[in-house]
file run-v7.csv (CSV, C-alpha atoms and all ligand atoms)
chain,number,residue,atom,x,y,z
A,1,MET,CA,107.4,42.2,196.6
A,2,LYS,CA,105.8,45.4,197.9
A,3,ASN,CA,107.0,44.6,201.4
A,4,GLY,CA,110.6,44.5,200.2
A,5,THR,CA,110.6,48.0,198.8
A,6,LEU,CA,108.8,49.3,201.9
A,7,MET,CA,111.5,47.8,204.1
A,8,GLU,CA,114.3,49.2,201.9
A,9,GLU,CA,112.6,52.6,202.0
A,10,ASP,CA,112.7,52.6,205.8
A,11,ILE,CA,116.3,51.3,206.0
A,12,ASN,CA,117.2,54.1,203.6
A,13,LEU,CA,115.5,56.7,205.8
A,14,LEU,CA,117.2,55.3,208.9
A,15,ASP,CA,120.6,55.5,207.2
A,16,ARG,CA,120.0,59.1,206.2
A,17,PHE,CA,118.9,59.9,209.8
A,18,ALA,CA,122.1,58.3,211.1
A,19,ALA,CA,124.0,60.5,208.7
A,20,GLY,CA,122.3,63.5,210.2
A,21,ASP,CA,119.4,64.0,207.8
A,22,ARG,CA,116.7,65.5,210.0
A,23,GLU,CA,114.1,65.4,207.2
A,24,ALA,CA,114.5,61.6,207.0
A,25,PHE,CA,113.8,61.4,210.7
A,26,ASN,CA,110.6,63.5,210.3
A,27,ASP,CA,109.5,61.3,207.3
A,28,LEU,CA,109.8,58.2,209.4
A,29,VAL,CA,107.9,59.7,212.3
A,30,ARG,CA,105.1,61.0,210.1
A,31,LYS,CA,104.9,57.7,208.3
A,32,TYR,CA,104.2,55.6,211.4
A,33,GLN,CA,102.7,58.0,214.0
A,34,LYS,CA,99.1,57.6,213.1
A,35,PRO,CA,98.9,53.8,212.7
A,36,LEU,CA,100.9,53.4,215.9
A,37,TYR,CA,98.8,55.8,217.8
A,38,SER,CA,95.6,54.0,216.8
A,39,LEU,CA,97.0,50.7,217.9
A,40,LEU,CA,98.2,52.2,221.2
A,41,PHE,CA,94.9,53.9,221.8
A,42,ARG,CA,93.0,50.7,221.2
A,43,MET,CA,95.3,49.0,223.7
A,44,VAL,CA,95.2,51.6,226.5
A,45,SER,CA,91.9,53.5,225.7
A,46,ASP,CA,93.3,56.9,226.8
A,47,HIS,CA,94.7,59.7,224.7
A,48,ASP,CA,97.4,60.8,227.2
A,49,ASP,CA,98.7,57.3,227.7
A,50,ALA,CA,98.6,56.6,224.0
A,51,ALA,CA,100.4,59.8,223.2
A,52,ASP,CA,103.0,59.1,225.8
A,53,LEU,CA,103.6,55.6,224.7
A,54,LEU,CA,103.7,56.7,221.1
A,55,GLN,CA,106.6,59.1,221.9
A,56,LYS,CA,108.3,56.4,223.9
A,57,THR,CA,108.0,53.9,221.1
A,58,LEU,CA,109.5,56.2,218.6
A,59,VAL,CA,112.3,57.3,220.8
A,60,LYS,CA,113.1,53.7,221.7
A,61,ALA,CA,113.2,52.8,218.1
A,62,PHE,CA,115.4,55.7,217.1
A,63,THR,CA,117.9,55.3,219.9
A,64,GLY,CA,118.3,51.7,219.0
A,65,ALA,CA,117.3,50.3,222.4
A,66,GLY,CA,117.0,46.6,222.1
A,67,GLY,CA,118.9,46.4,218.9
A,68,PHE,CA,117.1,46.7,215.6
A,69,GLU,CA,118.3,44.0,213.2
A,70,ARG,CA,118.2,45.3,209.7
A,71,ARG,CA,117.2,41.9,208.3
A,72,SER,CA,113.7,42.4,209.7
A,73,SER,CA,111.3,45.3,209.1
A,74,PHE,CA,111.5,48.6,211.0
A,75,LYS,CA,107.7,48.7,210.9
A,76,THR,CA,107.4,45.2,212.6
A,77,TRP,CA,109.9,46.4,215.2
A,78,LEU,CA,108.0,49.5,215.9
A,79,TYR,CA,104.8,47.5,216.5
A,80,GLN,CA,106.7,45.2,218.8
A,81,ILE,CA,108.0,48.0,220.9
A,82,ALA,CA,104.6,49.7,221.0
A,83,ILE,CA,102.8,46.5,222.1
A,84,ASN,CA,105.4,45.7,224.8
A,85,LEU,CA,105.2,49.2,226.2
A,86,ALA,CA,101.4,49.2,226.2
A,87,LYS,CA,101.3,45.7,227.8
A,88,ASN,CA,103.6,46.9,230.5
A,89,LEU,CA,101.4,49.9,231.1
A,90,TYR,CA,98.1,48.1,231.4
A,91,ARG,CA,99.7,45.3,233.4
A,92,ASP,CA,100.9,48.0,235.8
A,93,ARG,CA,97.6,49.6,236.2
A,94,ALA,CA,95.3,46.6,235.6
A,95,ARG,CA,92.8,49.2,234.4
A,96,LEU,CA,91.4,47.7,231.3
A,97,ALA,CA,88.2,46.5,233.0
A,98,GLN,CA,86.9,50.1,233.2
A,99,VAL,CA,87.3,51.3,229.6
A,100,PRO,CA,85.4,54.5,228.8
A,101,ILE,CA,83.5,53.0,226.0
A,102,ASP,CA,81.7,56.1,224.8
A,103,ASP,CA,85.0,57.8,224.2
A,104,VAL,CA,85.9,55.0,221.8
A,105,VAL,CA,82.7,54.6,219.9
A,106,ILE,CA,81.9,57.4,217.7
A,107,SER,CA,78.4,56.6,216.4
A,108,ARG,CA,77.6,57.6,212.9
A,109,ASP,CA,74.1,56.2,213.3
A,110,PRO,CA,70.9,58.2,213.4
A,111,GLY,CA,69.0,58.3,216.7
A,112,THR,CA,66.7,55.3,216.0
A,113,VAL,CA,66.0,52.3,218.1
A,114,ASP,CA,68.0,50.4,215.6
A,115,ALA,CA,70.9,52.8,216.2
A,116,LEU,CA,70.6,52.3,219.9
A,117,ILE,CA,70.8,48.5,219.5
A,118,ARG,CA,73.8,48.9,217.2
A,119,LYS,CA,75.5,51.1,219.7
A,120,GLN,CA,74.8,48.6,222.5
A,121,ALA,CA,76.2,45.8,220.3
A,122,ARG,CA,79.3,47.9,219.7
A,123,GLN,CA,79.8,48.4,223.4
A,124,ARG,CA,79.3,44.6,224.0
A,125,LEU,CA,81.8,43.9,221.3
A,126,HIS,CA,84.3,46.3,222.8
A,127,GLN,CA,83.9,44.6,226.2
A,128,ALA,CA,84.1,41.2,224.6
A,129,MET,CA,87.4,42.3,223.0
A,130,VAL,CA,88.7,43.4,226.3
A,131,ASP,CA,87.8,40.1,227.8
A,132,LEU,CA,89.7,38.0,225.2
A,133,PRO,CA,93.0,36.4,226.2
A,134,GLU,CA,95.8,38.8,225.3
A,135,LYS,CA,97.3,36.9,222.3
A,136,GLN,CA,93.8,36.5,220.7
A,137,ARG,CA,92.9,40.1,221.4
A,138,LEU,CA,96.1,41.4,219.9
A,139,THR,CA,95.8,39.2,216.9
A,140,VAL,CA,92.2,40.2,216.1
A,141,MET,CA,93.1,43.8,216.7
A,142,LEU,CA,96.1,43.7,214.4
A,143,ARG,CA,94.2,41.8,211.7
A,144,VAL,CA,90.9,43.6,211.7
A,145,GLN,CA,91.6,47.1,213.1
A,146,GLN,CA,95.2,47.6,211.9
A,147,GLN,CA,95.0,45.7,208.6
A,148,LYS,CA,98.0,43.6,209.3
A,149,SER,CA,98.4,40.3,207.3
A,150,PHE,CA,98.8,37.1,209.2
A,151,ALA,CA,102.4,37.0,208.2
A,152,GLU,CA,103.0,40.4,209.7
A,153,ILE,CA,101.2,39.5,212.8
A,154,SER,CA,103.3,36.4,213.3
A,155,ALA,CA,106.4,38.5,212.9
A,156,ILE,CA,105.1,41.2,215.4
A,157,LEU,CA,104.0,38.7,218.0
A,158,GLY,CA,106.8,36.3,217.4
A,159,CYS,CA,104.7,33.3,216.8
A,160,SER,CA,104.2,30.9,213.8
A,161,LEU,CA,101.8,31.7,211.0
A,162,GLY,CA,99.6,28.8,212.2
A,163,THR,CA,99.5,30.1,215.7
A,164,ALA,CA,98.5,33.6,214.4
A,165,LYS,CA,95.7,32.1,212.4
A,166,ALA,CA,94.6,29.9,215.3
A,167,ASN,CA,94.5,32.8,217.7
A,168,TYR,CA,92.5,34.8,215.2
A,169,HIS,CA,89.9,32.1,214.7
A,170,HIS,CA,89.6,31.4,218.4
A,171,GLY,CA,89.3,35.1,219.1
A,172,VAL,CA,86.6,35.8,216.5
A,173,ARG,CA,84.7,32.7,217.6
A,174,LYS,CA,84.6,33.9,221.2
A,175,LEU,CA,83.5,37.4,220.1
A,176,LYS,CA,80.7,35.9,218.1
A,177,VAL,CA,79.6,33.8,221.1
A,178,SER,CA,79.6,36.7,223.5
A,179,LEU,CA,77.8,39.0,221.1
A,180,ALA,CA,75.2,36.3,220.3
A,181,ASP,CA,74.7,35.9,224.1
A,182,ALA,CA,74.4,39.6,224.6
A,183,VAL,CA,71.9,40.0,221.8
A,184,ALA,CA,69.9,36.9,222.8
A,185,VAL,CA,69.0,38.2,226.2
A,186,PRO,CA,66.9,41.3,225.3
A,187,GLU,CA,65.2,39.4,222.5
A,188,LYS,CA,63.9,36.8,225.0
A,189,GLU,CA,62.5,39.5,227.2
A,190,GLU,CA,60.4,41.0,224.5
T,191,MET,CA,75.5,24.2,210.2
T,192,THR,CA,79.1,25.0,210.9
T,193,CYS,CA,81.2,26.5,208.1
T,194,THR,CA,84.5,24.7,207.9
T,195,ASN,CA,86.0,26.9,205.2
T,196,THR,CA,88.8,28.5,207.4
T,197,HIS,CA,90.7,29.7,204.3
T,198,LEU,CA,87.7,31.8,203.2
T,199,ARG,CA,87.3,33.1,206.7
T,200,GLU,CA,90.8,34.2,206.8
T,201,MET,CA,90.1,36.2,203.6
T,202,LEU,CA,87.2,38.2,205.3
T,203,PRO,CA,89.3,41.0,206.8
T,204,SER,CA,91.0,41.6,203.4
T,205,PHE,CA,87.6,41.5,201.7
T,206,LEU,CA,86.5,44.1,204.2
T,207,GLU,CA,89.5,46.3,203.4
T,208,GLY,CA,88.8,45.7,199.7
T,209,SER,CA,92.4,44.5,199.3
T,210,LEU,CA,91.7,41.2,197.5
T,211,ASP,CA,92.1,40.8,193.8
T,212,ALA,CA,88.9,40.6,191.6
T,213,GLU,CA,88.9,36.9,191.8
T,214,GLY,CA,89.2,36.8,195.6
T,215,MET,CA,86.5,39.5,196.0
T,216,ALA,CA,84.1,37.4,193.8
T,217,LEU,CA,84.9,34.2,195.7
T,218,VAL,CA,84.1,35.8,199.1
T,219,ARG,CA,81.0,37.6,197.7
T,220,GLY,CA,79.7,34.2,196.4
T,221,HIS,CA,80.4,32.4,199.7
T,222,ILE,CA,78.8,34.9,202.0
T,223,ALA,CA,75.7,35.0,199.9
T,224,ARG,CA,75.2,31.3,200.8
T,225,CYS,CA,76.9,31.0,204.2
T,226,SER,CA,75.1,32.9,207.0
T,227,GLU,CA,77.9,32.1,209.4
T,228,CYS,CA,80.5,33.9,207.3
T,229,SER,CA,78.2,36.8,206.6
T,230,ASP,CA,77.6,37.2,210.4
T,231,GLU,CA,81.3,37.1,210.8
T,232,LEU,CA,81.8,39.7,208.2
T,233,GLU,CA,79.3,41.9,210.0
T,234,LEU,CA,81.2,41.5,213.2
T,235,LEU,CA,84.5,42.3,211.6
T,236,GLY,CA,82.9,45.4,210.0
T,237,MET,CA,81.7,46.6,213.3
T,238,MET,CA,85.1,46.1,214.8
T,239,SER,CA,86.9,47.9,212.0
T,240,ASP,CA,84.4,50.8,212.2
T,241,GLU,CA,85.3,51.4,215.8
T,242,GLN,CA,87.0,54.8,215.6
T,243,VAL,CA,89.9,56.1,217.4
T,244,PRO,CA,89.6,59.8,218.3
T,245,ASP,CA,92.0,62.0,216.3
T,246,PRO,CA,94.3,64.0,218.5
T,247,GLY,CA,94.3,66.7,215.9
T,248,GLU,CA,96.6,68.3,213.4
T,249,ALA,CA,98.6,70.3,216.0
T,250,PHE,CA,99.5,67.1,217.8
T,251,TRP,CA,100.7,65.4,214.6
T,252,ALA,CA,102.6,68.4,213.4
T,253,ALA,CA,104.4,68.8,216.7
T,254,LEU,CA,105.3,65.1,217.2
T,255,PRO,CA,108.4,64.8,215.0
T,256,ASP,CA,110.1,67.6,216.8
T,257,ARG,CA,109.1,66.3,220.2
T,258,VAL,CA,110.4,62.8,219.4
T,259,TYR,CA,113.6,64.3,217.8
T,260,ARG,CA,114.4,66.3,221.0
T,261,GLU,CA,113.8,63.3,223.2
T,262,THR,CA,115.8,61.1,220.9
T,263,GLN,CA,118.8,63.4,221.0
T,264,ARG,CA,118.6,63.8,224.7
T,265,THR,CA,118.5,60.0,225.2
T,266,LEU,CA,121.4,59.5,222.8
T,267,ALA,CA,123.5,62.1,224.6
T,268,GLU,CA,122.7,60.5,227.9
T,269,LYS,CA,123.7,57.1,226.5
T,270,ARG,CA,127.0,58.3,225.2
T,271,THR,CA,128.2,59.8,228.5
T,272,ARG,CA,126.9,56.9,230.5
T,273,SER,CA,128.4,54.3,228.2
T,274,GLY,CA,128.0,51.5,230.5
T,275,TRP,CA,131.5,50.4,231.4
T,276,LEU,CA,132.7,53.8,232.5
T,277,ARG,CA,130.0,54.3,235.1
T,278,GLU,CA,130.4,50.7,236.1
T,279,TRP,CA,134.1,51.2,236.5
T,280,TRP,CA,133.9,54.5,238.4
T,281,SER,CA,131.1,53.7,240.8
T,282,GLY,CA,132.2,50.1,241.0
T,283,MET,CA,135.9,50.2,241.6
T,284,PRO,CA,136.7,52.1,244.8
T,285,VAL,CA,133.3,52.0,246.5
T,286,ARG,CA,131.4,48.9,245.7
T,287,GLY,CA,134.6,46.9,245.3
T,288,ALA,CA,135.9,47.8,248.7
T,289,ILE,CA,132.5,47.3,250.4
T,290,ALA,CA,132.2,43.9,248.7
T,291,PHE,CA,135.7,43.2,249.9
T,292,ALA,CA,134.8,44.2,253.5
T,293,MET,CA,131.7,42.1,253.3
T,294,ILE,CA,133.7,39.1,252.2
T,295,VAL,CA,136.3,39.6,254.9
T,296,LEU,CA,133.6,39.9,257.6
T,297,VAL,CA,131.6,36.9,256.3
T,298,SER,CA,134.9,34.9,256.2
T,299,LEU,CA,135.6,36.0,259.7
T,300,VAL,CA,132.3,34.8,261.0
T,301,LEU,CA,131.8,31.6,259.0
T,302,LEU,CA,135.3,30.3,258.5
T,303,ARG,CA,136.8,31.2,261.8
T,304,PRO,CA,138.9,28.2,262.6
T,305,ALA,CA,140.0,27.4,259.0
T,306,HIS,CA,141.0,30.9,257.8
T,307,ARG,CA,143.9,33.0,258.6
T,308,ILE,CA,144.1,36.4,256.9
T,309,GLN,CA,147.5,37.9,256.6
T,310,PRO,CA,146.7,41.6,256.5
T,311,GLU,CA,148.3,43.8,253.8
T,312,THR,CA,150.9,45.8,255.6
T,313,THR,CA,152.7,47.4,252.7
T,314,GLY,CA,151.4,50.0,250.2
T,315,ARG,CA,149.8,52.5,252.6
T,316,ILE,CA,147.0,54.2,250.9
T,317,GLY,CA,145.5,56.2,253.7
T,318,ASP,CA,146.7,57.4,257.1
T,319,THR,CA,146.6,54.1,258.8
T,320,THR,CA,147.4,50.5,258.1
T,321,LEU,CA,146.2,47.5,260.0
T,322,GLU,CA,149.5,47.4,261.8
T,323,ASP,CA,148.5,50.6,263.5
T,324,LEU,CA,145.7,48.5,265.1
T,325,TYR,CA,147.7,45.3,265.8
T,326,ASP,CA,151.3,44.4,266.5
T,327,GLY,CA,152.4,42.3,263.6
T,328,PRO,CA,150.2,40.1,261.4
T,329,ALA,CA,146.9,39.5,263.1
T,330,ALA,CA,145.5,36.0,263.3
T,331,VAL,CA,141.9,36.3,262.2
T,332,ALA,CA,140.8,33.4,264.3
T,333,ASP,CA,141.9,35.3,267.4
T,334,LEU,CA,139.7,38.4,266.6
T,335,GLY,CA,136.8,39.0,268.9
T,336,PRO,CA,133.6,40.9,268.1
T,337,SER,CA,135.1,44.3,269.1
T,338,ASP,CA,138.1,43.5,266.9
T,339,ILE,CA,135.8,42.9,263.9
T,340,THR,CA,134.0,46.2,264.5
T,341,LEU,CA,137.4,47.9,264.7
T,342,LEU,CA,138.4,46.2,261.4
T,343,ASN,CA,135.2,47.3,259.8
T,344,ASP,CA,135.8,50.9,260.9
T,345,TRP,CA,139.3,50.8,259.5
T,346,LEU,CA,138.1,49.5,256.2
T,347,GLU,CA,135.5,52.3,256.0
T,348,ARG,CA,138.1,54.9,256.8
T,349,GLU,CA,140.5,53.6,254.2
T,350,ILE,CA,137.8,53.7,251.6
T,351,THR,CA,136.9,57.3,252.3
T,352,VAL,CA,140.6,58.3,252.2
T,353,LEU,CA,141.0,56.4,248.9
T,354,ARG,CA,138.1,58.2,247.4
T,355,GLN,CA,139.2,61.6,248.5
T,356,ASP,CA,142.7,61.0,247.4
T,357,LEU,CA,141.6,60.0,244.0
T,358,GLY,CA,139.2,62.9,243.7
T,359,ARG,CA,141.9,65.4,244.7
T,360,THR,CA,144.8,64.4,242.5
T,361,ALA,CA,143.8,62.0,239.8
T,362,ILE,CA,142.8,64.5,237.3
T,363,SER,CA,144.6,67.7,238.1
T,364,ALA,CA,147.8,65.9,237.0
T,365,ASN,CA,146.5,66.1,233.5
T,366,GLY,CA,145.8,69.8,233.8
T,367,PHE,CA,142.3,70.2,232.7
T,368,GLY,CA,140.9,71.0,236.1
T,369,ARG,CA,138.2,68.4,236.5
T,370,THR,CA,137.7,66.5,239.7
T,371,LEU,CA,135.9,63.2,240.3
T,372,ASP,CA,133.2,64.9,242.3
T,373,GLU,CA,131.9,66.5,239.1
T,374,ASP,CA,129.0,65.2,237.1
T,375,LEU,CA,130.4,62.9,234.5
T,376,SER,CA,127.7,63.8,232.0
T,377,THR,CA,129.2,67.3,231.7
T,378,MET,CA,132.4,65.9,230.3
T,379,ASP,CA,133.1,65.3,226.7
T,380,ARG,CA,134.5,62.1,225.3
T,381,GLU,CA,138.1,63.2,225.4
T,382,GLU,CA,137.9,64.3,229.0
T,383,LEU,CA,136.3,61.0,230.0
T,384,ASP,CA,139.1,59.1,228.2
T,385,ASP,CA,141.7,61.2,230.1
T,386,LEU,CA,139.9,60.6,233.3
T,387,VAL,CA,140.0,56.8,232.8
T,388,ALA,CA,143.6,56.9,231.8
T,389,GLU,CA,144.5,58.9,235.0
T,390,LEU,CA,142.5,56.5,237.2
T,391,SER,CA,144.2,53.5,235.6
T,392,ARG,CA,147.6,55.0,236.2
T,393,LYS,CA,146.7,55.8,239.7
T,394,GLN,CA,145.5,52.3,240.3
T,395,GLU,CA,148.8,50.8,239.1
T,396,VAL,CA,150.8,53.1,241.4
L,401,ZN,ZN,81.2,30.2,205.5

call {"tool": "encode", "arguments": {"input": "run-v7.csv", "output": "structure tokens"}}
result
Amino acid sequence: MKNGTLMEEDINLLDRFAAGDREAFNDLVRKYQKPLYSLLFRMVSDHDDAADLLQKTLVKAFTGAGGFERRSSFKTWLYQIAINLAKNLYRDRARLAQVPIDDVVISRDPGTVDALIRKQARQRLHQAMVDLPEKQRLTVMLRVQQQKSFAEISAILGCSLGTAKANYHHGVRKLKVSLADAVAVPEKEE
Amino acid sequence: MTCTNTHLREMLPSFLEGSLDAEGMALVRGHIARCSECSDELELLGMMSDEQVPDPGEAFWAALPDRVYRETQRTLAEKRTRSGWLREWWSGMPVRGAIAFAMIVLVSLVLLRPAHRIQPETTGRIGDTTLEDLYDGPAAVADLGPSDITLLNDWLEREITVLRQDLGRTAISANGFGRTLDEDLSTMDREELDDLVAELSRKQEV
């Protein structure tokens, strides 16, 4: 399986790093820095926080804090560390309620009424994501925005495949409802 | 009408990524053409995956491996010198241990007054005083009053200080590398730390 070789590749790089190969270290960082950053940014909605957490995640992984077991994938482990660090941060600050939405949404739409409506819908969607229960939000985020399979999600979040799928369906259903509600209101006013 | 095809819904994110095989892609395409619910869901997922994360820029990415490397090395070095048991041993043994002992003695004095009798240690002088300097002969704990307890407490504290100073002065110099216990342990290399531990163990036995 593709996954198997990917895992072996990481283990190989880790071994080379342990033997003092600096380039192997750089390869591993370069390989995961962008996907991890985008996950972290989506979780904390702030560049400085995301950058800080990204560094902490990688350092934690490379110093072996928490004990990486080579039976599992390094990638999964990185995601677990990142998610835990981000959870701690936003629990500490309880700040998610005030997300600067405009920083997140980069509109590619032309300046039409339709575009405005789309932009509003995006903002509602973003808010609806924020309002989801944590497990559902993380599951939907990982599946749709990070392109993780359900199997990977169950490994990262430490739940069964069935639970991962259930969380996904519940989350998506709630998003649909909140978006439908949001769209329904202005339509009635017209 | 509610679509109950959960399996197909679970395929939607992969459809969006274009990661399904040809058969899967065709299956989903066929379904969303008929099922408005799933096509709505696909639109929602599309909106979500479109949500961009700002790119911190090439300079950020280029500098990151070095930054992480430095921090990793620093953390590893810190870990090595701190290697749990040593710090535990050092800070724990003379100071915390003695304080814990003092606490236990005091609590015993207060709580178990009638039942307990402590025979104070009168041999093996470690500091300048022994309990015998305070009392003639073995003291019966049950007979101690509040002022005696204060006195005992002071004595313990004094003894701990003496013990610490004594260890700091002589423990290491015997081995000839000129380190003292007051120094920062993180500046010592592994060999020095091993020597330190050996000296302290020897001292402890004496
Ligand atoms: Zn359907």

call {"tool": "closest_residue", "arguments": {"input": "run-v7.csv", "among": "A:Ala166, A:Leu39, A:Val44, A:Cys159", "to": "Tyr79 in chain A", "atoms": "all atoms listed in the file"}}
result
A:Leu39

call {"tool": "residues_near_ligand", "arguments": {"input": "run-v7.csv", "ligand": "ligand ZN 401 (chain L)", "cutoff": "6 Å", "atoms": "only C-alpha atoms and all ligand atoms", "output": "MDAnalysis selection string"}}
result
chainID T and resid 193 195 225 227:228

call {"tool": "interface_residues", "arguments": {"input": "run-v7.csv", "of": "chain A", "to": "chain T", "cutoff": "6 Å", "atoms": "only C-alpha atoms", "output": "list in words"}}
result
Asn26, Val29, Gln55, Val59, Val105, Val144 and Gln145 of chain A

call {"tool": "atom_distance", "arguments": {"input": "run-v7.csv", "atom1": "CA of Lys87 in chain A", "atom2": "CA of Gln33 in chain A"}}
result
18.5 Å

call {"tool": "residues_near_point", "arguments": {"input": "run-v7.csv", "point": "(92.0, 39.1, 219.9)", "cutoff": "10 Å", "atoms": "all atoms listed in the file", "output": "PyMOL selection string"}}
result
chain A and resi 128-144+167-175

call {"tool": "write_last_selection", "arguments": {"input": "run-v7.csv", "atoms": "C-alpha atoms", "output": "CSV table (one decimal), in the coordinates of the input"}}
result
chain,number,residue,atom,x,y,z
A,128,ALA,CA,84.1,41.2,224.6
A,129,MET,CA,87.4,42.3,223.0
A,130,VAL,CA,88.7,43.4,226.3
A,131,ASP,CA,87.8,40.1,227.8
A,132,LEU,CA,89.7,38.0,225.2
A,133,PRO,CA,93.0,36.4,226.2
A,134,GLU,CA,95.8,38.8,225.3
A,135,LYS,CA,97.3,36.9,222.3
A,136,GLN,CA,93.8,36.5,220.7
A,137,ARG,CA,92.9,40.1,221.4
A,138,LEU,CA,96.1,41.4,219.9
A,139,THR,CA,95.8,39.2,216.9
A,140,VAL,CA,92.2,40.2,216.1
A,141,MET,CA,93.1,43.8,216.7
A,142,LEU,CA,96.1,43.7,214.4
A,143,ARG,CA,94.2,41.8,211.7
A,144,VAL,CA,90.9,43.6,211.7
A,167,ASN,CA,94.5,32.8,217.7
A,168,TYR,CA,92.5,34.8,215.2
A,169,HIS,CA,89.9,32.1,214.7
A,170,HIS,CA,89.6,31.4,218.4
A,171,GLY,CA,89.3,35.1,219.1
A,172,VAL,CA,86.6,35.8,216.5
A,173,ARG,CA,84.7,32.7,217.6
A,174,LYS,CA,84.6,33.9,221.2
A,175,LEU,CA,83.5,37.4,220.1

call {"tool": "atom_distance", "arguments": {"input": "run-v7.csv", "atom1": "CA of Phe41 in chain A", "atom2": "CA of Glu233 in chain T"}}
result
22.9 Å

call {"tool": "residues_near_point", "arguments": {"input": "run-v7.csv", "point": "(119.4, 52.6, 205.1)", "cutoff": "12 Å", "atoms": "only C-alpha atoms", "output": "ChimeraX atom specification"}}
result
/A:5-19,21,24-25,28,69-71,73-74

call {"tool": "atom_distance", "arguments": {"input": "run-v7.csv", "atom1": "CA of Asp211 in chain T", "atom2": "CA of Ile153 in chain A"}}
result
21.1 Å

call {"tool": "closest_residue", "arguments": {"input": "run-v7.csv", "among": "A:Lys31, A:Arg118, A:Arg91, A:His126", "to": "Ser178 in chain A", "atoms": "all atoms listed in the file"}}
result
A:His126
